[in-house]
>>> print(open('start12.csv').read())   # CSV, N, CA and C atoms
chain,number,residue,atom,x,y,z
A,1181,MET,N,-44.5,-26.6,2.4
A,1181,MET,CA,-43.3,-27.2,1.9
A,1181,MET,C,-43.6,-28.0,0.6
A,1182,LEU,N,-44.7,-28.7,0.6
A,1182,LEU,CA,-45.0,-29.5,-0.6
A,1182,LEU,C,-45.3,-28.6,-1.8
A,1183,LYS,N,-45.8,-27.4,-1.5
A,1183,LYS,CA,-46.1,-26.5,-2.6
A,1183,LYS,C,-44.8,-26.0,-3.2
A,1184,ALA,N,-43.7,-25.8,-2.4
A,1184,ALA,CA,-42.4,-25.4,-2.9
A,1184,ALA,C,-41.7,-26.6,-3.7
A,1185,ILE,N,-42.1,-27.8,-3.4
A,1185,ILE,CA,-41.5,-28.9,-4.1
A,1185,ILE,C,-42.1,-29.2,-5.4
A,1186,PHE,N,-43.5,-29.1,-5.5
A,1186,PHE,CA,-44.2,-29.6,-6.7
A,1186,PHE,C,-44.8,-28.5,-7.6
A,1187,THR,N,-45.0,-27.3,-7.1
A,1187,THR,CA,-45.6,-26.3,-7.9
A,1187,THR,C,-44.6,-25.2,-8.4
A,1188,TRP,N,-44.6,-25.0,-9.7
A,1188,TRP,CA,-43.7,-24.0,-10.3
A,1188,TRP,C,-44.4,-22.6,-10.4
A,1189,TRP,N,-45.8,-22.6,-10.3
A,1189,TRP,CA,-46.5,-21.3,-10.5
A,1189,TRP,C,-46.6,-20.5,-9.2
A,1190,ASN,N,-46.1,-21.0,-8.1
A,1190,ASN,CA,-46.1,-20.2,-6.9
A,1190,ASN,C,-44.7,-19.8,-6.5
A,1191,GLY,N,-44.0,-19.1,-7.4
A,1191,GLY,CA,-42.6,-18.8,-7.2
A,1191,GLY,C,-41.7,-19.8,-7.9
A,1192,ALA,N,-40.7,-20.3,-7.2
A,1192,ALA,CA,-39.8,-21.3,-7.8
A,1192,ALA,C,-39.9,-22.6,-7.0
A,1193,THR,N,-39.6,-23.7,-7.6
A,1193,THR,CA,-39.6,-25.0,-6.9
A,1193,THR,C,-38.3,-25.0,-6.1
A,1194,LEU,N,-38.2,-26.0,-5.2
A,1194,LEU,CA,-37.0,-26.2,-4.5
A,1194,LEU,C,-35.8,-26.5,-5.4
A,1195,GLY,N,-36.0,-27.3,-6.4
A,1195,GLY,CA,-34.9,-27.6,-7.3
A,1195,GLY,C,-34.4,-26.3,-8.0
A,1196,GLN,N,-35.4,-25.5,-8.5
A,1196,GLN,CA,-35.0,-24.2,-9.1
A,1196,GLN,C,-34.2,-23.3,-8.1
A,1197,ARG,N,-34.7,-23.2,-6.9
A,1197,ARG,CA,-34.0,-22.4,-5.9
A,1197,ARG,C,-32.6,-22.9,-5.6
A,1198,PHE,N,-32.4,-24.2,-5.6
A,1198,PHE,CA,-31.1,-24.8,-5.3
A,1198,PHE,C,-30.2,-24.5,-6.5
A,1199,HIS,N,-30.7,-24.7,-7.7
A,1199,HIS,CA,-29.9,-24.5,-8.9
A,1199,HIS,C,-29.5,-23.0,-9.1
A,1200,ILE,N,-30.4,-22.1,-8.9
A,1200,ILE,CA,-30.1,-20.7,-9.0
A,1200,ILE,C,-29.2,-20.2,-7.9
A,1201,GLY,N,-29.4,-20.8,-6.7
A,1201,GLY,CA,-28.6,-20.4,-5.6
A,1201,GLY,C,-27.1,-20.9,-5.8
A,1202,ARG,N,-27.0,-22.0,-6.4
A,1202,ARG,CA,-25.6,-22.6,-6.6
A,1202,ARG,C,-25.0,-22.0,-7.8
A,1203,ARG,N,-25.7,-21.7,-8.9
A,1203,ARG,CA,-25.1,-21.2,-10.1
A,1203,ARG,C,-25.3,-19.7,-10.4
A,1204,GLY,N,-26.2,-19.0,-9.6
A,1204,GLY,CA,-26.5,-17.6,-9.9
A,1204,GLY,C,-26.0,-16.6,-8.9
A,1205,VAL,N,-26.0,-15.4,-9.3
A,1205,VAL,CA,-25.7,-14.3,-8.5
A,1205,VAL,C,-26.9,-13.3,-8.4
A,1206,PHE,N,-27.3,-12.9,-7.3
A,1206,PHE,CA,-28.4,-12.0,-7.1
A,1206,PHE,C,-28.1,-10.6,-7.7
A,1207,VAL,N,-29.0,-10.2,-8.6
A,1207,VAL,CA,-28.7,-8.9,-9.3
A,1207,VAL,C,-29.6,-7.8,-8.8
A,1208,GLY,N,-30.8,-8.1,-8.5
A,1208,GLY,CA,-31.7,-7.0,-8.0
A,1208,GLY,C,-33.1,-7.5,-7.8
A,1209,GLN,N,-34.0,-6.6,-7.3
A,1209,GLN,CA,-35.4,-6.9,-7.0
A,1209,GLN,C,-36.2,-5.7,-7.5
A,1210,ASP,N,-37.4,-6.0,-8.1
A,1210,ASP,CA,-38.3,-4.9,-8.6
A,1210,ASP,C,-39.3,-4.6,-7.5
A,1211,GLY,N,-40.2,-3.7,-7.9
A,1211,GLY,CA,-41.3,-3.2,-7.0
A,1211,GLY,C,-42.3,-4.2,-6.7
A,1212,TYR,N,-42.4,-5.3,-7.5
A,1212,TYR,CA,-43.4,-6.4,-7.2
A,1212,TYR,C,-42.8,-7.4,-6.2
A,1213,GLY,N,-41.5,-7.3,-6.0
A,1213,GLY,CA,-40.9,-8.3,-5.1
A,1213,GLY,C,-40.2,-9.4,-5.9
A,1214,ASN,N,-40.3,-9.4,-7.2
A,1214,ASN,CA,-39.6,-10.4,-8.0
A,1214,ASN,C,-38.1,-10.2,-7.9
A,1215,ARG,N,-37.4,-11.3,-7.8
A,1215,ARG,CA,-35.9,-11.3,-7.6
A,1215,ARG,C,-35.2,-11.8,-8.9
A,1216,TYR,N,-34.1,-11.1,-9.3
A,1216,TYR,CA,-33.5,-11.4,-10.6
A,1216,TYR,C,-32.0,-11.9,-10.3
A,1217,PHE,N,-31.6,-12.9,-11.1
A,1217,PHE,CA,-30.3,-13.5,-10.9
A,1217,PHE,C,-29.7,-13.7,-12.3
A,1218,GLU,N,-28.3,-13.7,-12.3
A,1218,GLU,CA,-27.6,-14.0,-13.5
A,1218,GLU,C,-26.5,-15.1,-13.1
A,1219,ALA,N,-26.3,-16.0,-14.1
A,1219,ALA,CA,-25.3,-17.1,-13.9
A,1219,ALA,C,-23.9,-16.5,-13.7
A,1220,ARG,N,-23.1,-17.2,-12.9
A,1220,ARG,CA,-21.7,-16.8,-12.6
A,1220,ARG,C,-20.9,-16.9,-13.9
A,1221,ASP,N,-21.1,-17.8,-14.7
A,1221,ASP,CA,-20.4,-18.0,-16.0
A,1221,ASP,C,-21.4,-18.5,-17.1
A,1222,ASN,N,-20.9,-18.7,-18.3
A,1222,ASN,CA,-21.8,-19.2,-19.3
A,1222,ASN,C,-21.6,-20.7,-19.6
A,1223,SER,N,-21.2,-21.5,-18.6
A,1223,SER,CA,-21.0,-22.9,-18.9
A,1223,SER,C,-22.2,-23.7,-19.2
A,1224,ASP,N,-23.4,-23.3,-18.7
A,1224,ASP,CA,-24.6,-24.0,-19.1
A,1224,ASP,C,-25.5,-23.2,-20.1
A,1225,SER,N,-24.8,-22.4,-20.9
A,1225,SER,CA,-25.5,-21.5,-21.8
A,1225,SER,C,-25.8,-22.2,-23.1
A,1226,TYR,N,-26.9,-21.7,-23.8
A,1226,TYR,CA,-27.2,-22.2,-25.1
A,1226,TYR,C,-26.6,-21.3,-26.2
A,1227,ASP,N,-26.4,-20.0,-25.9
A,1227,ASP,CA,-25.9,-19.1,-27.0
A,1227,ASP,C,-24.8,-18.2,-26.5
A,1228,ARG,N,-23.9,-18.7,-25.7
A,1228,ARG,CA,-22.8,-17.9,-25.2
A,1228,ARG,C,-23.1,-16.8,-24.2
A,1229,HIS,N,-24.4,-16.6,-23.9
A,1229,HIS,CA,-24.8,-15.6,-22.9
A,1229,HIS,C,-24.9,-16.2,-21.6
A,1230,LYS,N,-24.7,-15.5,-20.5
A,1230,LYS,CA,-24.9,-15.9,-19.2
A,1230,LYS,C,-26.4,-16.1,-19.0
A,1231,ARG,N,-26.9,-17.1,-18.4
A,1231,ARG,CA,-28.3,-17.3,-18.2
A,1231,ARG,C,-28.8,-16.3,-17.1
A,1232,ARG,N,-30.1,-15.9,-17.3
A,1232,ARG,CA,-30.7,-15.0,-16.4
A,1232,ARG,C,-32.0,-15.5,-16.0
A,1233,TRP,N,-32.3,-15.3,-14.7
A,1233,TRP,CA,-33.6,-15.9,-14.1
A,1233,TRP,C,-34.3,-14.8,-13.4
A,1234,VAL,N,-35.6,-15.1,-13.2
A,1234,VAL,CA,-36.5,-14.3,-12.3
A,1234,VAL,C,-37.2,-15.3,-11.4
A,1235,ILE,N,-37.2,-15.0,-10.1
A,1235,ILE,CA,-38.0,-15.8,-9.2
A,1235,ILE,C,-39.2,-14.9,-8.8
A,1236,TYR,N,-40.4,-15.3,-9.2
A,1236,TYR,CA,-41.6,-14.4,-9.0
A,1236,TYR,C,-41.9,-14.4,-7.5
A,1237,ASN,N,-42.4,-13.3,-7.1
A,1237,ASN,CA,-43.0,-13.1,-5.8
A,1237,ASN,C,-44.5,-13.5,-5.9
A,1238,GLY,N,-44.8,-14.7,-5.5
A,1238,GLY,CA,-46.2,-15.2,-5.6
A,1238,GLY,C,-46.4,-15.9,-7.0
A,1239,TYR,N,-47.6,-15.7,-7.5
A,1239,TYR,CA,-48.0,-16.4,-8.7
A,1239,TYR,C,-47.0,-16.0,-9.9
A,1240,ALA,N,-46.6,-17.0,-10.6
A,1240,ALA,CA,-45.6,-16.8,-11.7
A,1240,ALA,C,-46.4,-16.3,-13.0
A,1241,GLU,N,-46.3,-15.0,-13.2
A,1241,GLU,CA,-47.0,-14.4,-14.4
A,1241,GLU,C,-46.0,-13.4,-15.0
A,1242,ALA,N,-45.7,-13.7,-16.3
A,1242,ALA,CA,-44.7,-12.9,-17.0
A,1242,ALA,C,-45.0,-11.5,-17.1
A,1243,SER,N,-46.3,-11.1,-17.1
A,1243,SER,CA,-46.6,-9.7,-17.2
A,1243,SER,C,-46.4,-8.9,-15.9
A,1244,LYS,N,-46.0,-9.6,-14.9
A,1244,LYS,CA,-45.6,-8.9,-13.6
A,1244,LYS,C,-44.2,-8.4,-13.7
A,1245,VAL,N,-43.5,-8.7,-14.8
A,1245,VAL,CA,-42.1,-8.2,-14.9
A,1245,VAL,C,-42.1,-6.8,-15.5
A,1246,PRO,N,-41.6,-5.8,-14.9
A,1246,PRO,CA,-41.5,-4.5,-15.5
A,1246,PRO,C,-40.7,-4.4,-16.7
A,1247,ALA,N,-40.9,-3.4,-17.6
A,1247,ALA,CA,-40.3,-3.3,-18.9
A,1247,ALA,C,-38.8,-3.3,-18.8
A,1248,GLU,N,-38.2,-2.6,-17.8
A,1248,GLU,CA,-36.8,-2.5,-17.7
A,1248,GLU,C,-36.1,-3.8,-17.3
A,1249,TRP,N,-36.8,-4.6,-16.5
A,1249,TRP,CA,-36.3,-5.9,-16.1
A,1249,TRP,C,-36.5,-6.9,-17.3
A,1250,SER,N,-37.6,-6.8,-18.0
A,1250,SER,CA,-37.8,-7.6,-19.1
A,1250,SER,C,-36.8,-7.4,-20.2
A,1251,GLY,N,-36.4,-6.2,-20.4
A,1251,GLY,CA,-35.3,-5.9,-21.4
A,1251,GLY,C,-34.0,-6.5,-20.9
A,1252,TRP,N,-33.7,-6.5,-19.6
A,1252,TRP,CA,-32.5,-7.1,-19.2
A,1252,TRP,C,-32.5,-8.6,-19.3
A,1253,LEU,N,-33.7,-9.2,-18.9
A,1253,LEU,CA,-33.8,-10.7,-19.0
A,1253,LEU,C,-33.6,-11.2,-20.5
A,1254,HIS,N,-34.1,-10.4,-21.4
A,1254,HIS,CA,-34.0,-10.8,-22.8
A,1254,HIS,C,-32.8,-10.3,-23.6
A,1255,TYR,N,-31.9,-9.7,-22.9
A,1255,TYR,CA,-30.6,-9.2,-23.4
A,1255,TYR,C,-30.8,-8.0,-24.4
A,1256,THR,N,-31.9,-7.3,-24.2
A,1256,THR,CA,-32.0,-6.0,-24.9
A,1256,THR,C,-31.2,-5.0,-24.2
A,1257,LEU,N,-31.0,-5.1,-22.9
A,1257,LEU,CA,-30.2,-4.2,-22.1
A,1257,LEU,C,-29.1,-5.0,-21.5
A,1258,ASP,N,-27.9,-4.5,-21.6
A,1258,ASP,CA,-26.7,-5.2,-21.0
A,1258,ASP,C,-26.6,-5.1,-19.5
A,1259,GLU,N,-26.9,-3.9,-19.0
A,1259,GLU,CA,-26.8,-3.7,-17.6
A,1259,GLU,C,-28.2,-3.8,-16.9
A,1260,PRO,N,-28.3,-4.3,-15.7
A,1260,PRO,CA,-29.6,-4.4,-15.1
A,1260,PRO,C,-30.1,-3.0,-14.6
A,1261,PRO,N,-31.3,-2.8,-14.4
A,1261,PRO,CA,-31.8,-1.5,-13.9
A,1261,PRO,C,-31.3,-1.1,-12.6
A,1262,THR,N,-30.7,-2.0,-11.8
A,1262,THR,CA,-30.1,-1.5,-10.5
A,1262,THR,C,-28.8,-0.8,-10.8
A,1263,ARG,N,-28.1,-1.1,-11.9
A,1263,ARG,CA,-26.8,-0.4,-12.3
A,1263,ARG,C,-27.0,0.8,-13.2
A,1264,ALA,N,-27.9,0.6,-14.2
A,1264,ALA,CA,-28.2,1.6,-15.2
A,1264,ALA,C,-29.7,1.7,-15.4
A,1265,PRO,N,-30.4,2.5,-14.5
A,1265,PRO,CA,-31.8,2.6,-14.6
A,1265,PRO,C,-32.3,3.4,-15.9
A,1266,LEU,N,-33.4,2.9,-16.4
A,1266,LEU,CA,-34.0,3.5,-17.6
A,1266,LEU,C,-34.6,4.9,-17.2
A,1267,LYS,N,-34.5,5.8,-18.1
A,1267,LYS,CA,-35.1,7.1,-17.9
A,1267,LYS,C,-36.6,7.0,-18.1
A,1268,ARG,N,-37.4,7.4,-17.1
A,1268,ARG,CA,-38.9,7.3,-17.2
A,1268,ARG,C,-39.4,8.5,-17.9
A,1269,ARG,N,-40.2,8.3,-18.9
A,1269,ARG,CA,-40.9,9.4,-19.7
A,1269,ARG,C,-42.2,9.7,-19.0
A,1270,GLU,N,-42.7,11.0,-19.2
A,1270,GLU,CA,-43.9,11.4,-18.6
A,1270,GLU,C,-45.1,10.7,-19.1
A,1271,TRP,N,-45.1,10.1,-20.4
A,1271,TRP,CA,-46.2,9.5,-21.0
A,1271,TRP,C,-46.3,8.0,-20.7
A,1272,GLU,N,-45.2,7.5,-20.0
A,1272,GLU,CA,-45.2,6.0,-19.7
A,1272,GLU,C,-46.1,5.7,-18.5
A,1273,LYS,N,-46.8,4.6,-18.6
A,1273,LYS,CA,-47.7,4.2,-17.5
A,1273,LYS,C,-47.0,3.1,-16.7
A,1274,ASP,N,-47.4,2.9,-15.5
A,1274,ASP,CA,-46.9,1.8,-14.6
A,1274,ASP,C,-47.2,0.5,-15.3
A,1275,THR,N,-46.3,-0.5,-15.0
A,1275,THR,CA,-46.6,-1.9,-15.5
A,1275,THR,C,-47.7,-2.5,-14.7
A,1276,LEU,N,-48.7,-3.1,-15.4
A,1276,LEU,CA,-49.8,-3.8,-14.7
A,1276,LEU,C,-49.7,-5.2,-15.1
A,1277,PRO,N,-50.0,-6.1,-14.2
A,1277,PRO,CA,-50.0,-7.5,-14.5
A,1277,PRO,C,-51.3,-7.9,-15.4
A,1278,ASN,N,-51.2,-8.9,-16.1
A,1278,ASN,CA,-52.3,-9.4,-16.9
A,1278,ASN,C,-53.4,-9.9,-16.0
A,1279,LEU,N,-54.6,-9.3,-16.1
A,1279,LEU,CA,-55.7,-9.7,-15.2
A,1279,LEU,C,-56.7,-10.6,-15.8
A,1280,THR,N,-56.4,-11.1,-17.0
A,1280,THR,CA,-57.2,-12.1,-17.7
A,1280,THR,C,-57.4,-13.3,-16.8
A,1281,GLY,N,-58.6,-13.8,-16.7
A,1281,GLY,CA,-58.9,-15.0,-15.9
A,1281,GLY,C,-59.0,-14.7,-14.4
A,1282,THR,N,-58.9,-13.5,-14.0
A,1282,THR,CA,-59.1,-13.2,-12.6
A,1282,THR,C,-60.4,-12.4,-12.4
A,1283,VAL,N,-60.8,-12.2,-11.2
A,1283,VAL,CA,-62.0,-11.4,-10.9
A,1283,VAL,C,-61.9,-10.0,-11.3
A,1284,HIS,N,-60.7,-9.5,-11.5
A,1284,HIS,CA,-60.4,-8.1,-11.8
A,1284,HIS,C,-60.3,-7.9,-13.4
A,1285,ALA,N,-60.6,-8.9,-14.1
A,1285,ALA,CA,-60.5,-8.8,-15.6
A,1285,ALA,C,-61.5,-7.9,-16.1
A,1286,TRP,N,-61.2,-7.2,-17.2
A,1286,TRP,CA,-62.1,-6.3,-17.9
A,1286,TRP,C,-63.3,-7.1,-18.5
A,1287,ARG,N,-64.5,-6.7,-18.2
A,1287,ARG,CA,-65.7,-7.4,-18.8
A,1287,ARG,C,-66.5,-6.3,-19.5
A,1288,PRO,N,-66.5,-6.3,-20.8
A,1288,PRO,CA,-67.3,-5.3,-21.5
A,1288,PRO,C,-68.8,-5.4,-21.3
A,1289,GLN,N,-69.5,-4.4,-21.6
A,1289,GLN,CA,-70.9,-4.4,-21.5
A,1289,GLN,C,-71.4,-5.4,-22.6
A,1290,GLY,N,-72.3,-6.3,-22.1
A,1290,GLY,CA,-72.8,-7.3,-23.0
A,1290,GLY,C,-72.2,-8.7,-22.7
A,1291,SER,N,-71.1,-8.7,-21.9
A,1291,SER,CA,-70.4,-9.9,-21.6
A,1291,SER,C,-71.3,-10.8,-20.7
A,1292,LEU,N,-71.3,-12.1,-20.9
A,1292,LEU,CA,-72.1,-13.0,-20.1
A,1292,LEU,C,-71.7,-12.9,-18.6
A,1293,THR,N,-70.5,-12.6,-18.3
A,1293,THR,CA,-70.1,-12.4,-16.9
A,1293,THR,C,-70.6,-11.1,-16.3
A,1294,ARG,N,-71.1,-10.2,-17.1
A,1294,ARG,CA,-71.6,-8.9,-16.6
A,1294,ARG,C,-73.1,-8.8,-16.8
A,1295,GLY,N,-73.8,-9.9,-17.0
A,1295,GLY,CA,-75.2,-9.9,-17.1
A,1295,GLY,C,-75.7,-10.3,-18.5
A,1296,GLY,N,-74.9,-10.1,-19.5
A,1296,GLY,CA,-75.3,-10.6,-20.8
A,1296,GLY,C,-76.2,-9.6,-21.6
A,1297,GLU,N,-76.5,-8.4,-21.1
A,1297,GLU,CA,-77.4,-7.5,-21.7
A,1297,GLU,C,-76.5,-6.5,-22.6
A,1298,ARG,N,-76.8,-6.6,-23.9
A,1298,ARG,CA,-76.0,-5.8,-24.9
A,1298,ARG,C,-76.8,-4.5,-25.1
A,1299,PRO,N,-76.1,-3.4,-25.4
A,1299,PRO,CA,-76.8,-2.2,-25.8
A,1299,PRO,C,-77.5,-2.4,-27.1
A,1300,ALA,N,-78.6,-1.6,-27.3
A,1300,ALA,CA,-79.3,-1.7,-28.6
A,1300,ALA,C,-78.4,-1.3,-29.7
A,1301,ALA,N,-78.5,-1.9,-30.9
A,1301,ALA,CA,-77.6,-1.6,-32.0
A,1301,ALA,C,-78.1,-0.2,-32.6
A,1302,THR,N,-77.1,0.5,-33.0
A,1302,THR,CA,-77.5,1.8,-33.7
A,1302,THR,C,-77.6,1.6,-35.2
A,1303,SER,N,-78.2,2.6,-35.8
A,1303,SER,CA,-78.5,2.4,-37.3
A,1303,SER,C,-77.3,2.9,-38.1
A,1304,ASP,N,-76.1,3.2,-37.6
A,1304,ASP,CA,-75.1,3.7,-38.4
A,1304,ASP,C,-74.3,2.6,-39.1
A,1305,TYR,N,-74.7,1.3,-39.0
A,1305,TYR,CA,-74.0,0.2,-39.6
A,1305,TYR,C,-74.8,-0.3,-40.8
A,1306,GLN,N,-74.2,-0.5,-41.9
A,1306,GLN,CA,-74.9,-1.1,-43.0
A,1306,GLN,C,-74.1,-2.3,-43.5
A,1307,ALA,N,-74.7,-3.4,-43.5
A,1307,ALA,CA,-74.0,-4.7,-43.9
A,1307,ALA,C,-73.6,-4.6,-45.4
A,1308,TRP,N,-72.5,-5.2,-45.7
A,1308,TRP,CA,-72.0,-5.3,-47.0
A,1308,TRP,C,-72.7,-6.5,-47.7
A,1309,SER,N,-73.1,-6.3,-48.9
A,1309,SER,CA,-73.7,-7.4,-49.7
A,1309,SER,C,-73.0,-7.3,-51.1
A,1310,PRO,N,-72.7,-8.4,-51.7
A,1310,PRO,CA,-72.1,-8.4,-53.0
A,1310,PRO,C,-73.1,-8.0,-54.1
A,1311,GLU,N,-72.6,-7.4,-55.1
A,1311,GLU,CA,-73.5,-6.9,-56.2
A,1311,GLU,C,-73.8,-8.0,-57.2
>>> encode(input="start12.csv", output="structure tokens")
Amino acid sequence: MLKAIFTWWNGATLGQRFHIGRRGVFVGQDGYGNRYFEARDNSDSYDRHKRRWVIYNGYAEASKVPAEWSGWLHYTLDEPPTRAPLKRREWEKDTLPNLTGTVHAWRPQGSLTRGGERPAATSDYQAWSPE
């Protein structure tokens, strides 16, 4: 209960849930479990648009929002993906969350977190020197 009151990075706080529940309408949910809402009217708007919110399922990380929902949140798309789904192309990959700072982050060879051993330099590089 205290986590829901004081931490914003674990979903939404109690205050946010109350405000969104009072002012918003549920629009849809993505594959990650994130829930999307839109304001009933534009009375608390900054730019005449209805406000749009996402309540993250778990840790609040913007890269966990799929492209189609991100487009809707940022007013690139007028209709949410639940009403007008985007056509998926064969070359498109699935959305992956940003893994930087986690144990699953990419660590190149030579990284201190991977042992710090760099491969030997090849001789195909020649340093520039002014004439």
>>> residues_near_point(input="start12.csv", point="(-26.4, -12.6, -10.4)", cutoff="8 Å", atoms="only C-alpha atoms", output="compact mmCIF listing (two decimals) with N, CA and C atoms, keeping the file's coordinate frame")
# COMPACT_ATOMS: atom_id res chain seq x y z
N GLY A 1204 -26.20 -19.00 -9.60
CA GLY A 1204 -26.50 -17.60 -9.90
C GLY A 1204 -26.00 -16.60 -8.90
N VAL A 1205 -26.00 -15.40 -9.30
CA VAL A 1205 -25.70 -14.30 -8.50
C VAL A 1205 -26.90 -13.30 -8.40
N PHE A 1206 -27.30 -12.90 -7.30
CA PHE A 1206 -28.40 -12.00 -7.10
C PHE A 1206 -28.10 -10.60 -7.70
N VAL A 1207 -29.00 -10.20 -8.60
CA VAL A 1207 -28.70 -8.90 -9.30
C VAL A 1207 -29.60 -7.80 -8.80
N TYR A 1216 -34.10 -11.10 -9.30
CA TYR A 1216 -33.50 -11.40 -10.60
C TYR A 1216 -32.00 -11.90 -10.30
N PHE A 1217 -31.60 -12.90 -11.10
CA PHE A 1217 -30.30 -13.50 -10.90
C PHE A 1217 -29.70 -13.70 -12.30
N GLU A 1218 -28.30 -13.70 -12.30
CA GLU A 1218 -27.60 -14.00 -13.50
C GLU A 1218 -26.50 -15.10 -13.10
N ALA A 1219 -26.30 -16.00 -14.10
CA ALA A 1219 -25.30 -17.10 -13.90
C ALA A 1219 -23.90 -16.50 -13.70
N ARG A 1220 -23.10 -17.20 -12.90
CA ARG A 1220 -21.70 -16.80 -12.60
C ARG A 1220 -20.90 -16.90 -13.90
N ARG A 1232 -30.10 -15.90 -17.30
CA ARG A 1232 -30.70 -15.00 -16.40
C ARG A 1232 -32.00 -15.50 -16.00
>>> atom_distance(input="start12.csv", atom1="atom CA of A:Tyr1212", atom2="atom CA of A:Ser1250")
13.2 Å
>>> atom_distance(input="start12.csv", atom1="atom CA of A:Thr1256", atom2="atom N of A:Arg1197")
25.0 Å
>>> atom_distance(input="start12.csv", atom1="atom CA of A:Tyr1255", atom2="atom C of A:Trp1271")
23.4 Å
>>> select_by_dssp(input="start12.csv", residues="stretch 1197-1296 of chain A", states="alpha helix (DSSP H)", output="count of residues only")
14
>>> residues_near_point(input="start12.csv", point="(-42.8, -6.9, -13.8)", cutoff="8 Å", atoms="all atoms listed in the file", output="PyMOL selection string")
chain A and resi 1210-1214+1241-1250+1275-1277
>>> residues_around(input="start12.csv", residues="A:Pro1261", least_positions_apart="3", cutoff="9 Å", atoms="only C-alpha atoms", output="PyMOL selection string")
chain A and resi 1208+1248-1249+1252+1257+1264-1266
>>> build_atoms(input="start12.csv", residues="stretch 1195-1200 of chain A", atoms="all heavy atoms", output="PDB file, in the frame of the given file")
ATOM      1  N   GLY A1195     -36.000 -27.300  -6.400  1.00  0.00           N
ATOM      2  CA  GLY A1195     -34.900 -27.600  -7.300  1.00  0.00           C
ATOM      3  C   GLY A1195     -34.400 -26.300  -8.000  1.00  0.00           C
ATOM      4  O   GLY A1195     -33.220 -26.137  -8.213  1.00  0.00           O
ATOM      5  N   GLN A1196     -35.400 -25.500  -8.500  1.00  0.00           N
ATOM      6  CA  GLN A1196     -35.000 -24.200  -9.100  1.00  0.00           C
ATOM      7  C   GLN A1196     -34.200 -23.300  -8.100  1.00  0.00           C
ATOM      8  O   GLN A1196     -33.185 -22.722  -8.487  1.00  0.00           O
ATOM      9  CB  GLN A1196     -36.180 -23.465  -9.632  1.00  0.00           C
ATOM     10  CG  GLN A1196     -36.791 -24.089 -10.846  1.00  0.00           C
ATOM     11  CD  GLN A1196     -38.101 -23.409 -11.198  1.00  0.00           C
ATOM     12  OE1 GLN A1196     -38.889 -23.041 -10.325  1.00  0.00           O
ATOM     13  NE2 GLN A1196     -38.334 -23.238 -12.485  1.00  0.00           N
ATOM     14  N   ARG A1197     -34.700 -23.200  -6.900  1.00  0.00           N
ATOM     15  CA  ARG A1197     -34.000 -22.400  -5.900  1.00  0.00           C
ATOM     16  C   ARG A1197     -32.600 -22.900  -5.600  1.00  0.00           C
ATOM     17  O   ARG A1197     -31.658 -22.114  -5.507  1.00  0.00           O
ATOM     18  CB  ARG A1197     -34.818 -22.312  -4.638  1.00  0.00           C
ATOM     19  CG  ARG A1197     -36.068 -21.477  -4.760  1.00  0.00           C
ATOM     20  CD  ARG A1197     -36.787 -21.417  -3.416  1.00  0.00           C
ATOM     21  NE  ARG A1197     -38.077 -20.810  -3.561  1.00  0.00           N
ATOM     22  CZ  ARG A1197     -38.312 -19.517  -3.476  1.00  0.00           C
ATOM     23  NH1 ARG A1197     -37.319 -18.698  -3.237  1.00  0.00           N
ATOM     24  NH2 ARG A1197     -39.526 -19.041  -3.619  1.00  0.00           N
ATOM     25  N   PHE A1198     -32.400 -24.200  -5.600  1.00  0.00           N
ATOM     26  CA  PHE A1198     -31.100 -24.800  -5.300  1.00  0.00           C
ATOM     27  C   PHE A1198     -30.200 -24.500  -6.500  1.00  0.00           C
ATOM     28  O   PHE A1198     -29.060 -24.075  -6.319  1.00  0.00           O
ATOM     29  CB  PHE A1198     -31.263 -26.299  -5.101  1.00  0.00           C
ATOM     30  CG  PHE A1198     -29.947 -26.994  -4.946  1.00  0.00           C
ATOM     31  CD1 PHE A1198     -29.205 -26.858  -3.775  1.00  0.00           C
ATOM     32  CD2 PHE A1198     -29.436 -27.769  -5.968  1.00  0.00           C
ATOM     33  CE1 PHE A1198     -27.991 -27.483  -3.633  1.00  0.00           C
ATOM     34  CE2 PHE A1198     -28.216 -28.397  -5.833  1.00  0.00           C
ATOM     35  CZ  PHE A1198     -27.490 -28.261  -4.667  1.00  0.00           C
ATOM     36  N   HIS A1199     -30.700 -24.700  -7.700  1.00  0.00           N
ATOM     37  CA  HIS A1199     -29.900 -24.500  -8.900  1.00  0.00           C
ATOM     38  C   HIS A1199     -29.500 -23.000  -9.100  1.00  0.00           C
ATOM     39  O   HIS A1199     -28.289 -22.720  -9.297  1.00  0.00           O
ATOM     40  CB  HIS A1199     -30.613 -24.958 -10.175  1.00  0.00           C
ATOM     41  CG  HIS A1199     -29.859 -24.729 -11.436  1.00  0.00           C
ATOM     42  ND1 HIS A1199     -28.784 -25.486 -11.814  1.00  0.00           N
ATOM     43  CD2 HIS A1199     -30.011 -23.796 -12.408  1.00  0.00           C
ATOM     44  CE1 HIS A1199     -28.306 -25.038 -12.963  1.00  0.00           C
ATOM     45  NE2 HIS A1199     -29.042 -24.010 -13.347  1.00  0.00           N
ATOM     46  N   ILE A1200     -30.400 -22.100  -8.900  1.00  0.00           N
ATOM     47  CA  ILE A1200     -30.100 -20.700  -9.000  1.00  0.00           C
ATOM     48  C   ILE A1200     -29.200 -20.200  -7.900  1.00  0.00           C
ATOM     49  O   ILE A1200     -28.302 -19.457  -8.111  1.00  0.00           O
ATOM     50  CB  ILE A1200     -31.434 -19.895  -9.093  1.00  0.00           C
ATOM     51  CG1 ILE A1200     -32.193 -20.228 -10.383  1.00  0.00           C
ATOM     52  CG2 ILE A1200     -31.151 -18.402  -9.020  1.00  0.00           C
ATOM     53  CD1 ILE A1200     -33.592 -19.670 -10.443  1.00  0.00           C
TER      54      ILE A1200
END
